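**Student:** Input structure: protein_12.txt, which contains compact mmCIF, C-alpha atoms.
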```
# COMPACT_ATOMS: atom_id res chain seq x y z
CA MET T 152 50.03 6.14 -14.62
CA ASN T 153 50.28 4.14 -11.39
CA LYS T 154 50.94 7.29 -9.43
CA ILE T 155 47.52 8.61 -10.22
CA ASN T 156 45.88 5.34 -9.22
CA ASN T 157 47.30 5.57 -5.73
CA PHE T 158 44.01 6.92 -4.56
CA ASN T 159 41.09 4.69 -5.32
CA LEU T 160 38.48 7.18 -6.33
CA GLY T 161 36.62 4.76 -8.57
CA LYS T 162 37.50 3.48 -11.98
CA LEU T 163 35.43 3.54 -15.12
CA ILE T 164 34.93 -0.05 -16.22
CA ASP T 165 32.37 0.31 -18.94
CA PHE T 166 30.65 3.11 -20.80
CA GLN T 167 27.77 2.57 -23.15
CA TRP T 168 25.29 4.89 -24.74
CA LYS T 169 22.19 4.76 -26.81
CA LEU T 170 20.35 7.31 -28.89
CA GLY T 171 16.63 6.81 -29.09
CA VAL T 172 13.32 8.50 -29.66
CA ALA T 173 10.55 8.24 -27.09
CA VAL T 174 7.51 7.65 -29.26
CA SER T 175 4.68 7.61 -26.75
CA ASN T 176 4.06 7.13 -23.04
CA SER T 177 1.27 6.67 -20.54
CA TYR T 178 0.33 10.35 -20.73
CA THR T 179 0.79 11.37 -24.36
CA LYS T 180 0.26 9.64 -27.65
CA GLU T 181 2.68 11.62 -29.75
CA LEU T 182 5.75 12.23 -27.70
CA ASN T 183 8.49 11.94 -30.33
CA THR T 184 11.29 13.26 -28.15
CA PRO T 185 14.89 12.25 -28.73
CA PHE T 186 17.08 11.32 -25.81
CA ILE T 187 20.46 9.83 -24.95
CA SER T 188 20.78 7.02 -22.43
CA VAL T 189 24.14 6.39 -20.78
CA PHE T 190 25.11 3.29 -18.86
CA LEU T 191 28.18 3.33 -16.66
CA LYS T 192 29.98 0.68 -14.70
CA VAL T 193 32.31 1.98 -12.03
CA LEU T 194 34.66 0.09 -9.74
CA ASP T 195 34.24 1.92 -6.44
CA SER T 196 36.65 2.29 -3.53
CA ASN T 197 35.43 -0.95 -1.98
CA ASN T 198 36.27 -2.85 -5.16
CA GLN T 199 32.60 -3.27 -5.92
CA ILE T 200 31.26 -2.73 -9.39
CA GLU T 201 28.40 -0.27 -9.43
CA SER T 202 26.11 0.21 -12.39
CA HIS T 203 24.55 3.57 -13.09
CA SER T 204 22.36 4.80 -15.83
CA PHE T 205 21.00 8.18 -16.74
CA GLU T 206 19.12 9.85 -19.49
CA LEU T 207 19.78 13.17 -21.17
CA THR T 208 17.51 15.38 -23.22
CA VAL T 209 18.95 17.09 -26.27
CA PRO T 210 19.90 20.39 -24.55
CA GLU T 211 21.26 18.45 -21.56
CA PHE T 212 23.36 16.37 -23.89
CA GLN T 213 24.64 19.40 -25.77
CA ASN T 214 25.82 20.90 -22.49
CA PHE T 215 27.36 17.56 -21.52
CA ALA T 216 29.16 17.22 -24.85
CA GLN T 217 30.40 20.81 -24.73
CA GLN T 218 32.07 20.15 -21.39
CA PHE T 219 33.86 17.14 -22.82
CA LYS T 220 34.97 19.21 -25.79
CA ASP T 221 36.32 21.81 -23.37
CA MET T 222 38.12 19.13 -21.42
CA SER T 223 39.58 17.73 -24.59
CA SER T 224 40.86 21.08 -25.85
CA LEU T 225 42.39 21.77 -22.42
CA MET T 226 44.20 18.46 -22.56
CA GLU T 227 45.53 19.31 -25.98
CA SER T 228 46.83 22.68 -24.81
CA LEU T 229 48.98 21.02 -22.14
CA MET V 198 -30.41 -24.37 22.19
CA ASP V 199 -31.92 -23.33 18.92
CA LYS V 200 -29.78 -20.34 18.10
CA VAL V 201 -26.23 -19.32 18.92
CA SER V 202 -25.65 -15.63 19.48
CA PHE V 203 -23.08 -13.84 17.37
CA PHE V 204 -20.42 -13.97 20.06
CA GLY V 205 -20.41 -17.75 20.22
CA TYR V 206 -21.46 -20.40 22.74
CA THR V 207 -19.64 -18.80 25.63
CA ILE V 208 -19.51 -15.12 26.28
CA PRO V 209 -15.93 -13.89 25.70
CA PRO V 210 -14.27 -12.84 29.00
CA GLU V 211 -13.70 -9.33 27.63
CA ILE V 212 -17.45 -8.83 27.25
CA LYS V 213 -18.29 -10.63 30.48
CA ALA V 214 -16.00 -8.30 32.43
CA MET V 215 -17.82 -5.28 31.03
CA ILE V 216 -21.38 -6.34 31.98
CA PRO V 217 -21.34 -5.57 35.75
CA LEU V 218 -19.59 -2.24 35.15
CA LEU V 219 -22.17 -0.90 32.72
CA GLY V 220 -24.84 -0.64 35.40
CA LYS V 221 -22.56 1.36 37.65
CA LEU V 222 -21.80 4.17 35.24
CA GLU V 223 -24.05 7.15 35.84
CA SER V 224 -23.79 9.05 32.58
CA PRO V 225 -24.80 7.24 29.41
CA ASN V 226 -22.87 9.84 27.43
CA GLN V 227 -19.65 8.44 28.78
CA THR V 228 -20.28 4.94 27.43
CA LYS V 229 -21.50 6.42 24.19
CA GLU V 230 -18.19 8.18 23.74
CA ILE V 231 -16.21 5.08 24.63
CA MET V 232 -18.05 2.95 22.09
CA SER V 233 -17.51 5.49 19.36
CA MET V 234 -13.81 5.46 20.23
CA ALA V 235 -13.84 1.68 19.89
CA ALA V 236 -15.45 2.10 16.46
CA THR V 237 -12.75 4.56 15.39
CA TYR V 238 -10.13 2.13 16.61
CA ILE V 239 -11.63 -0.71 14.56
CA ILE V 240 -11.64 1.41 11.43
CA THR V 241 -8.09 2.65 11.87
CA LYS V 242 -6.55 -0.68 12.78
CA LYS V 243 -5.05 -2.42 9.77
CA ILE V 244 -3.32 -5.73 9.28
CA ASN V 245 -1.44 -4.64 6.23
CA THR V 246 0.55 -1.81 7.68
CA ASN V 247 2.66 0.72 5.94
CA LYS V 248 4.21 3.75 7.53
CA GLN V 249 1.21 5.99 7.03
CA THR V 250 -1.31 3.63 8.63
CA VAL V 251 1.05 2.90 11.50
CA THR V 252 1.30 6.57 12.44
CA GLN V 253 -2.44 6.96 11.96
CA LEU V 254 -3.12 4.06 14.31
CA LYS V 255 -0.64 5.39 16.83
CA GLU V 256 -2.32 8.78 16.81
CA THR V 257 -5.72 7.18 17.32
CA THR V 258 -4.59 4.95 20.18
CA ASP V 259 -2.80 7.85 21.81
CA SER V 260 -5.86 10.06 21.62
CA ILE V 261 -8.07 7.25 22.97
CA GLN V 262 -5.72 6.72 25.87
CA LEU V 263 -5.64 10.44 26.59
CA LYS V 264 -9.43 10.71 26.51
CA LEU V 265 -9.85 7.71 28.80
CA GLU V 266 -7.39 9.19 31.23
CA LYS V 267 -9.14 12.55 31.21
CA LYS V 268 -12.49 11.00 31.98
CA ALA V 269 -11.25 8.94 34.89
CA ASN V 270 -11.16 10.50 38.33
CA ASN V 271 -8.92 7.86 39.86
CA ALA V 272 -6.97 4.73 38.99
CA GLU V 273 -9.90 2.42 39.66
CA ASP V 274 -12.16 4.48 37.45
CA ARG V 275 -9.55 4.44 34.71
CA ASN V 276 -9.35 0.68 34.87
CA GLN V 277 -13.13 0.36 34.55
CA LEU V 278 -13.23 2.60 31.51
CA SER V 279 -10.54 0.48 29.86
CA ILE V 280 -12.59 -2.64 30.52
CA ILE V 281 -15.63 -1.03 28.94
CA PHE V 282 -13.60 0.07 25.94
CA THR V 283 -12.30 -3.47 25.43
CA GLY V 284 -15.79 -4.91 25.85
CA CYS V 285 -17.27 -2.55 23.26
CA TYR V 286 -14.41 -3.35 20.93
CA TYR V 287 -15.03 -7.10 21.21
CA LEU V 288 -18.79 -6.72 20.77
CA LEU V 289 -18.33 -4.74 17.57
CA LYS V 290 -15.48 -6.90 16.32
CA LEU V 291 -17.45 -10.13 16.67
CA ALA V 292 -20.56 -8.60 15.12
CA ILE V 293 -18.53 -7.40 12.14
CA LYS V 294 -16.84 -10.75 11.76
CA LYS V 295 -20.19 -12.55 11.56
CA ARG V 296 -21.78 -9.65 9.67
CA VAL V 297 -24.92 -9.88 11.74
CA THR V 298 -27.93 -7.72 10.99
CA THR V 299 -28.88 -4.94 13.38
CA GLN V 300 -31.89 -6.99 14.45
CA THR V 301 -29.77 -10.00 15.52
CA PHE V 302 -27.26 -7.67 17.09
CA THR V 303 -29.90 -6.02 19.27
CA ASN V 304 -31.62 -9.31 20.12
CA ASP V 305 -28.39 -11.00 21.18
CA LEU V 306 -27.47 -8.04 23.35
CA ASN V 307 -30.89 -8.13 24.98
CA ASP V 308 -30.22 -11.75 25.92
CA LEU V 309 -27.10 -10.58 27.75
CA LYS V 310 -29.33 -8.36 29.94
CA LEU V 311 -27.30 -5.25 29.30
CA PRO V 312 -28.74 -1.83 30.22
CA GLN V 313 -31.30 -0.74 27.64
CA ALA V 314 -29.62 2.62 27.02
CA PHE V 315 -26.35 0.87 26.22
CA ILE V 316 -28.03 -1.50 23.76
CA ASN V 317 -29.79 1.37 22.01
CA ASP V 318 -26.58 3.37 21.71
CA ILE V 319 -24.37 0.59 20.46
CA SER V 320 -27.03 -0.66 18.02
CA ALA V 321 -27.38 2.83 16.60
CA LEU V 322 -23.61 3.03 16.25
CA TYR V 323 -23.44 -0.39 14.63
CA THR V 324 -26.10 0.54 12.09
CA SER V 325 -24.64 3.92 11.24
CA GLN V 326 -21.07 2.67 10.86
CA TYR V 327 -21.93 -0.71 9.32
CA LYS V 328 -20.91 0.31 5.82
CA ASP V 329 -17.52 1.61 6.98
CA PHE V 330 -16.88 -1.52 9.02
CA ILE V 331 -17.63 -3.84 6.11
CA GLU V 332 -15.60 -1.76 3.69
CA LYS V 333 -12.70 -1.80 6.10
CA THR V 334 -12.80 -5.58 6.61
CA ASN V 335 -13.05 -6.13 2.88
CA ASN V 336 -9.89 -4.11 2.37
CA ASP V 337 -8.12 -5.68 5.30
CA LYS V 338 -6.47 -8.81 4.09
CA ILE V 339 -2.96 -10.06 4.46
CA LEU V 340 -1.45 -9.07 1.17
CA PHE V 341 1.80 -8.75 -0.68
CA HIS V 342 3.02 -5.35 -1.70
CA GLN V 343 0.52 -3.79 -4.03
CA LEU V 344 0.98 -1.99 -7.29
CA VAL V 345 -0.09 1.63 -6.96
CA ASN V 346 1.38 3.28 -10.01
CA PHE V 347 2.34 2.10 -13.45
CA LYS V 348 3.97 4.19 -16.15
CA TRP V 349 5.21 3.21 -19.57
CA ARG V 350 7.02 4.72 -22.52
CA VAL V 351 7.78 3.42 -26.00
CA ASP V 352 11.24 4.19 -27.34
CA VAL V 353 12.80 3.58 -30.69
CA VAL V 354 16.54 3.02 -30.51
CA ILE V 355 18.27 4.75 -33.38
CA SER V 356 21.86 3.93 -32.59
CA SER V 357 24.03 2.90 -29.69
CA SER V 358 27.63 2.28 -28.78
CA PHE V 359 27.43 -1.08 -30.54
CA THR V 360 25.15 -0.54 -33.48
CA SER V 361 23.86 2.28 -35.60
CA ARG V 362 20.55 2.61 -37.43
CA VAL V 363 18.87 -0.19 -35.59
CA MET V 364 15.37 1.21 -35.15
CA ILE V 365 14.23 -1.32 -32.57
CA PRO V 366 11.19 -0.45 -30.50
CA VAL V 367 11.65 -0.94 -26.77
CA ILE V 368 9.13 -0.52 -24.01
CA LEU V 369 10.11 1.06 -20.72
CA MET V 370 7.98 0.34 -17.68
CA GLU V 371 8.02 1.77 -14.20
CA MET V 372 6.11 0.29 -11.30
CA THR V 373 5.66 1.73 -7.83
CA ASP V 374 4.27 -0.29 -4.95
CA ASN V 375 2.40 0.90 -1.89
CA PHE V 376 5.63 0.85 0.12
CA GLY V 377 7.15 3.37 -2.26
CA GLN V 378 9.53 0.93 -3.90
CA GLN V 379 10.14 1.69 -7.54
CA LYS V 380 11.30 -0.60 -10.31
CA THR V 381 12.12 0.56 -13.81
CA PHE V 382 12.76 -1.94 -16.53
CA GLU V 383 12.95 -2.44 -20.24
CA VAL V 384 10.65 -4.89 -22.00
CA SER V 385 11.48 -6.30 -25.38
CA LEU V 386 8.72 -6.81 -27.95
CA ASP V 387 8.96 -10.55 -27.44
CA ILE V 388 8.40 -10.38 -23.71
CA PHE V 389 5.74 -7.74 -24.19
CA HIS V 390 3.71 -10.12 -26.33
CA LYS V 391 4.01 -12.75 -23.65
CA LEU V 392 2.81 -10.19 -21.12
CA ARG V 393 -0.10 -9.24 -23.37
CA TYR V 394 -1.08 -12.87 -23.75
CA ASN V 395 -1.02 -13.40 -19.99
CA VAL V 396 -2.99 -10.24 -19.29
CA SER V 397 -5.75 -11.37 -21.64
CA LYS V 398 -5.66 -14.81 -20.08
CA VAL V 399 -6.13 -13.38 -16.60
CA LEU V 400 -8.97 -11.18 -17.85
CA LYS V 401 -10.68 -14.19 -19.38
CA ASP V 402 -10.17 -16.29 -16.26
CA MET V 403 -11.70 -13.54 -14.13
CA GLU V 404 -14.68 -13.39 -16.47
CA ASP V 405 -15.03 -17.15 -16.19
CA LEU V 406 -15.07 -16.84 -12.42
CA GLU V 407 -18.24 -14.79 -12.58
CA GLN V 408 -19.95 -17.70 -14.28
CA ILE V 409 -19.36 -20.01 -11.33
CA GLN V 410 -22.59 -20.14 -9.34
CA ILE V 411 -21.12 -20.77 -5.92
CA LEU V 412 -19.00 -17.62 -5.99
CA SER V 413 -21.86 -15.36 -6.99
CA LYS V 414 -23.78 -16.63 -3.95
CA PHE V 415 -21.01 -15.50 -1.65
CA ASP V 416 -21.02 -12.10 -3.23
CA LYS V 417 -24.20 -11.01 -1.46
```
Can you give me the file's structure in the form of structure tokens?
**Tutor:**
Amino acid sequence: MNKINNFNLGKLIDFQWKLGVAVSNSYTKELNTPFISVFLKVLDSNNQIESHSFELTVPEFQNFAQQFKDMSSLMESL
Amino acid sequence: MDKVSFFGYTIPPEIKAMIPLLGKLESPNQTKEIMSMAATYIITKKINTNKQTVTQLKETTDSIQLKLEKKANNAEDRNQLSIIFTGCYYLLKLAIKKRVTTQTFTNDLNDLKLPQAFINDISALYTSQYKDFIEKTNNDKILFHQLVNFKWRVDVVISSSFTSRVMIPVILMEMTDNFGQQKTFEVSLDIFHKLRYNVSKVLKDMEDLEQIQILSKFDK
């Protein structure tokens, strides 16, 4: 485990998500679009904690999830 | 003395320096062009600068300098044209500051014993550009960053990494200022109600302001 941490490429400190529905916005009354928000905290190479957040639409999330599924099945095949 | 002219008790040195030169210039067209350049300069110059206005002003000053240089035959000539430009600029600037009428403007210039053609030209310019000048000075105040764009969105949280089936409404807001800085934030219902209260309060206070007599007098 320590071998891999020899290089400080950033470390995931926190991962949080949220599923919500955008009901309306400044342009449209009936928006009703689901989305996923993800909040990340990463310890970068300068030992600083950086916060990032991003939002995914449903198709974007499906693609995202599929890649994690692929990663997971690859790990299992090892 | 019964009346003070719009440029004050003493004639500003910038204007004084211009007076003897005006008689010397042969073509009235030349001075006409210089004064219209001064007017452009006044309109472009801004206190509250962002990148766009800075480049705009730089372009204007560069083009003015280029034009002045082109007109001048020699270094002495060039110097004289600069003095006239500065004089015109001060005349207009002071007139705008006091918001004098065209009539006062012309009368006060007559008292200075300037050439008649010059007075006619600059008065005509002052009248025709008056609206632009006033609009420009009204917009030109020292200000904080200003809000230029505001977007919002209402979300309902269904579940998250901590809770499921929460169904809390959340408001997302995004503000952009005139310097291009953007801030996105979430507002809870609680805070939103506080915001709503304060917005209505400000609206009411502004309405109350209109009732105050002394302010409506200034509005003219």
**Student:** Pull out every residue of chain T that has at least one atom within 9 Å of chain V, counting only C-alpha atoms, and report them as a ChimeraX atom specification.
**Tutor:** /T:166-178,183,185,188
**Student:** Using only C-alpha atoms, which residues sit within 8 Å of segment 210-218 of chain V once same-chain residues fewer than 4 positions away are excluded, as a list of chain:residue names?
**Tutor:**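 The residues that qualify are V:Leu222, V:Gln277, V:Ile280, V:Ile281, V:Thr283, V:Gly284, V:Cys285, V:Tyr287, V:Leu288, V:Leu311.
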**Student:** Please produce a file of those selected residues containing C-alpha atoms, as a compact mmCIF listing (two decimals), in the coordinates of the input.
**Tutor:**
```
# COMPACT_ATOMS: atom_id res chain seq x y z
CA LEU V 222 -21.80 4.17 35.24
CA GLN V 277 -13.13 0.36 34.55
CA ILE V 280 -12.59 -2.64 30.52
CA ILE V 281 -15.63 -1.03 28.94
CA THR V 283 -12.30 -3.47 25.43
CA GLY V 284 -15.79 -4.91 25.85
CA CYS V 285 -17.27 -2.55 23.26
CA TYR V 287 -15.03 -7.10 21.21
CA LEU V 288 -18.79 -6.72 20.77
CA LEU V 311 -27.30 -5.25 29.30
```
**Student:** Expressed in Å to a single decimal, how great is the separation between atom CA of Glu371 of chain V and atom CA of Pro210 of chain T?
**Tutor:**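 Taking atom CA of Glu371 of chain V as the start and atom CA of Pro210 of chain T as the end point, the length is 24.4 Å.
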**Student:** Please put the answer as JSON: centre and edge lengths, in Å with one decimal, of a box along x, y and z that encloses all listed atoms of segment 302-309 of chain V plus 6 Å on each side.
**Tutor:**
```
{"center_x": -29.4, "center_y": -8.9, "center_z": 22.4, "size_x": 16.5, "size_y": 17.7, "size_z": 22.7}
```
**Student:** Any idea what's packed within 12 Å of Thr301 of chain V, counting all atoms listed in the file, ignoring anything in its chain fewer than 3 positions away? Could you give it as a ChimeraX atom specification?
**Tutor:** /V:200-204,292,295-298,304-308,316,320,323-324
**Student:** Would you list the contacts of segment 255-270 of chain V as JSON, numbers by chain, taking every protein, DNA or RNA residue within 12 Å and counting all atoms listed in the file, but skipping same-chain residues closer than 4 positions in sequence?
**Tutor:** {"V": [222, 224, 226, 227, 228, 230, 231, 232, 233, 234, 235, 236, 237, 238, 239, 240, 241, 242, 243, 246, 248, 249, 250, 251, 274, 275, 276, 277, 278, 279, 280, 281, 282, 283]}
**Student:** Distance atom CA of Leu309 of chain V-atom CA of Ile208 of chain V, one decimal place?
**Tutor:**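 Interatomic distance here is 9.0 Å.
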